[in-house]
Amino acid sequence: MRTVYVNGQYMPENEATVSIFDRGFLMADGVYEVTSVLDGKLIDFEGHSVRLERSLGELDMRNPISKEDLLEVHRELVRVNEIDEGLIYLQVTRGSDGDRDFAFPDPETTEPTIVLFTQNKPGLADSPAAKRGSKVISIEDIRWGRRDIKTVQLLYPSMGKMMAKKAGCDDAWMVEDGMVTEGTSNNAYIVKGNRIITRHLGTEILHGITRAAVLRFAREAQMEVEERSFTIEEAQAADEAFTTSASAFVMPVVEIDGVALGEGVPGKVALRLREIYLDEMRKAAV
Ligand code: PMP
């Protein structure tokens with residue numbers, strides 16, 4: 001049984017509880033982060049804690065924990081749950097004042113709720129899915145307009161995943177005004193020659209922590225990076241495509257809406273970036 005962390009305490013997962021009035025439960029009024037663990041160490045903890053702070057700030061929510069304490073909780077959960085490869089899920093909600101109301105409760109008297117738990121994922125880095133590559137479908141992006149805030153409103157991305165599964169695919173890329181925004185739980189890229197193209201940052205997409213690191217490594221490896229939006233048609237005609245996320249790193253995409261990219265196998269650039277990312281991030285892990 002896992003040991004989890006709830007509001008300052010470590011406890012067995014079956015003893016952990018949150019109020020039925022919690023605004024995370026009633027209103028999806030909460031934010032989250034997922035940090036991966038390789039060799040028992042945290043990948044880009046700094047990036048995730050900075051983004052958590054930003055998400056909370058954008059929603060006028062108080063951060064219930066200091067960065068130092070948050071690091072300590074992550075490390076302790078990795079230790080007690082003996083995670084070598086896996087994930088740490090963190091969620092902070094606006095808490096509960098014991099009732100339901102659209103107006104926010106008084107932050108002076110209502111503590112945010114903080115929950116962390118681990119997911120053991122042996123073989124996370126040496127993933128068969130990355131060797132195979134993923135097949136994606138495109139779907140309309142009907143999410144709210146502040147996708148730069150990492151909220152727990154994940155119903156539409158979950159539905160997108162189910163639409164992909166139903167179509168015999170792995171994931172969905174979302175399209176707004178004819179342009180790809182991002183994947184259901186990842187940022188989207190195409191490759192043409194030596195050039196990597198990925199949507200520019202804005203409120204339309206999540207500012208991926210993995211995206212920032214991968215673009216830095218790409219530039220350091222003398223690849224060209226172009227931050228602009230692209231269409232599904234342009235992606236289908238590209239040499240390669242891939243996605244990035246903290247939990248899947250760099251994932252090659254081999255098919256979009258039934259059209260195979262290149263040879264229909266993971267591309268060289270995606271595989272190289274995956275290798276560089278894993279090498280460099282393992283070295284920098286805490
Ligand atoms: N976009 C969306 C919609 C996501 O849910 C995620 C993963 N949380 C990402 C992009 C990738 O972000 P990161 O690299 O920080 O995991």
# chains A, B, ... in the order shown; residues from 1 in each chain; ligands from 1
$ select_by_dssp --residues "stretch 58-185 of chain A" --states "strand (DSSP E or B)" --output "NGL selection string"
:A and (86-93 or 113-120 or 134-140 or 151 or 171-176 or 179-183)
$ select_by_dssp --residues "stretch 76-279 of chain A" --states "alpha helix (DSSP H)" --output "PyMOL selection string"
chain A and resi 76-80+128-132+155-166+209-220+232-236+268-279
$ closest_residue --among "A:Val225, A:Ala237, A:Leu278, A:Ala172" --to "A:Val259" --atoms "only C-alpha atoms"
A:Ala237
$ residues_near_ligand --ligand "ligand 1" --cutoff "6 Å" --atoms "only C-alpha atoms and all ligand atoms" --output "VMD selection string"
chain A and resid 182 184 to 187 206 208 to 211 244 to 246
$ atom_distance --atom1 "atom CA of A:Arg272" --atom2 "atom CA of A:Asp239"
14.4 Å
$ residues_around --residues "A:Asn7" --least-positions-apart "2" --cutoff "8 Å" --atoms "only C-alpha atoms" --output "list in words"
Tyr5, Gln9, Thr113, Ile114 and Val115 of chain A
$ residues_around --residues "stretch 72-82 of chain A" --least-positions-apart "2" --cutoff "8 Å" --atoms "only C-alpha atoms" --output "PyMOL selection string"
chain A and resi 2-5+40-42+68-70+84+88+116-118
$ residues_around --residues "stretch 139-150 of chain A" --least-positions-apart "3" --cutoff "8 Å" --atoms "only C-alpha atoms" --output "list in words"
Val31, Tyr32, Glu33, Leu52, Arg54, Ser55, Glu58, Tyr156, Gly160, Ala172, Trp173, Met174, Val175, Glu176, Thr181, Gly202, Thr203, Glu204, Ile205, Leu206 and His207 of chain A
$ atom_distance --atom1 "atom CA of A:Glu233" --atom2 "atom CA of A:Phe249"
24.8 Å
$ closest_residue --among "A:Leu90, A:Ala16, A:Met223, A:Met281" --to "A:Gly193" --atoms "only C-alpha atoms"
A:Met223
$ atom_distance --atom1 "atom CA of A:Met27" --atom2 "atom CA of A:Glu46"
28.3 Å
$ residues_around --residues "A:Arg23" --least-positions-apart "4" --cutoff "7 Å" --atoms "only C-alpha atoms" --output "list in words"
Met27, Ala28, Asp29, Thr93, Arg94, Gly95 and Ser96 of chain A
$ write_last_selection --atoms "N, CA and C atoms" --output "PDB file, in the first residue's frame"
ATOM      1  N   MET A  27     -15.866  21.964  -7.946  1.00  0.00           N
ATOM      2  CA  MET A  27     -15.752  22.991  -8.994  1.00  0.00           C
ATOM      3  C   MET A  27     -14.512  22.839  -9.884  1.00  0.00           C
ATOM      4  N   ALA A  28     -13.768  21.769  -9.704  1.00  0.00           N
ATOM      5  CA  ALA A  28     -12.478  21.638 -10.386  1.00  0.00           C
ATOM      6  C   ALA A  28     -11.604  22.860 -10.088  1.00  0.00           C
ATOM      7  N   ASP A  29     -11.756  23.393  -8.866  1.00  0.00           N
ATOM      8  CA  ASP A  29     -11.034  24.601  -8.452  1.00  0.00           C
ATOM      9  C   ASP A  29      -9.694  24.189  -7.845  1.00  0.00           C
ATOM     10  N   THR A  93      -5.893  22.449  -4.076  1.00  0.00           N
ATOM     11  CA  THR A  93      -7.204  23.023  -4.376  1.00  0.00           C
ATOM     12  C   THR A  93      -7.489  24.172  -3.414  1.00  0.00           C
ATOM     13  N   ARG A  94      -8.576  24.906  -3.705  1.00  0.00           N
ATOM     14  CA  ARG A  94      -8.914  26.051  -2.850  1.00  0.00           C
ATOM     15  C   ARG A  94      -9.533  25.605  -1.526  1.00  0.00           C
ATOM     16  N   GLY A  95      -9.647  24.305  -1.323  1.00  0.00           N
ATOM     17  CA  GLY A  95     -10.103  23.802  -0.025  1.00  0.00           C
ATOM     18  C   GLY A  95     -11.614  23.867   0.145  1.00  0.00           C
ATOM     19  N   SER A  96     -12.032  23.911   1.372  1.00  0.00           N
ATOM     20  CA  SER A  96     -13.456  23.839   1.667  1.00  0.00           C
ATOM     21  C   SER A  96     -13.792  24.683   2.870  1.00  0.00           C
TER      22      SER A  96
END
$ closest_residue --among "A:Ile232, A:Leu261, A:Ile256, A:Ala270" --to "A:Gly178" --atoms "only C-alpha atoms"
A:Ile232
$ closest_residue --among "A:Leu71, A:Leu273, A:Met1, A:Ile65" --to "A:Asn120" --atoms "only C-alpha atoms"
A:Met1
$ residues_around --residues "A:Phe21" --least-positions-apart "2" --cutoff "10 Å" --atoms "only C-alpha atoms" --output "PyMOL selection string"
chain A and resi 18-19+23-27+95-101
$ write_last_selection --atoms "N, CA and C atoms" --output "compact mmCIF listing (two decimals), in the first residue's frame"
# COMPACT_ATOMS: atom_id res chain seq x y z
N VAL A 18 -10.47 13.66 1.84
CA VAL A 18 -10.67 15.08 1.56
C VAL A 18 -12.17 15.33 1.68
N SER A 19 -12.56 16.51 2.14
CA SER A 19 -13.97 16.84 2.35
C SER A 19 -14.79 16.74 1.06
N ARG A 23 -13.47 22.33 -2.93
CA ARG A 23 -13.76 22.97 -4.22
C ARG A 23 -13.07 22.28 -5.40
N GLY A 24 -12.06 21.49 -5.10
CA GLY A 24 -11.46 20.69 -6.18
C GLY A 24 -12.49 19.69 -6.67
N PHE A 25 -13.19 19.07 -5.74
CA PHE A 25 -14.22 18.07 -6.05
C PHE A 25 -15.46 18.72 -6.67
N LEU A 26 -15.94 19.82 -6.08
CA LEU A 26 -17.19 20.43 -6.55
C LEU A 26 -17.03 21.29 -7.80
N MET A 27 -15.87 21.96 -7.95
CA MET A 27 -15.75 22.99 -8.99
C MET A 27 -14.51 22.84 -9.88
N GLY A 95 -9.65 24.31 -1.32
CA GLY A 95 -10.10 23.80 -0.02
C GLY A 95 -11.61 23.87 0.15
N SER A 96 -12.03 23.91 1.37
CA SER A 96 -13.46 23.84 1.67
C SER A 96 -13.79 24.68 2.87
N ASP A 97 -14.89 25.47 2.77
CA ASP A 97 -15.36 26.15 3.98
C ASP A 97 -16.63 25.47 4.48
N GLY A 98 -16.80 24.22 4.06
CA GLY A 98 -17.91 23.43 4.62
C GLY A 98 -19.24 23.64 3.93
N ASP A 99 -19.24 24.26 2.75
CA ASP A 99 -20.50 24.41 2.02
C ASP A 99 -20.16 24.61 0.54
N ARG A 100 -21.19 24.81 -0.29
CA ARG A 100 -20.96 25.03 -1.71
C ARG A 100 -21.46 26.41 -2.10
N ASP A 101 -20.57 27.18 -2.73
CA ASP A 101 -20.92 28.53 -3.18
C ASP A 101 -20.02 28.86 -4.36
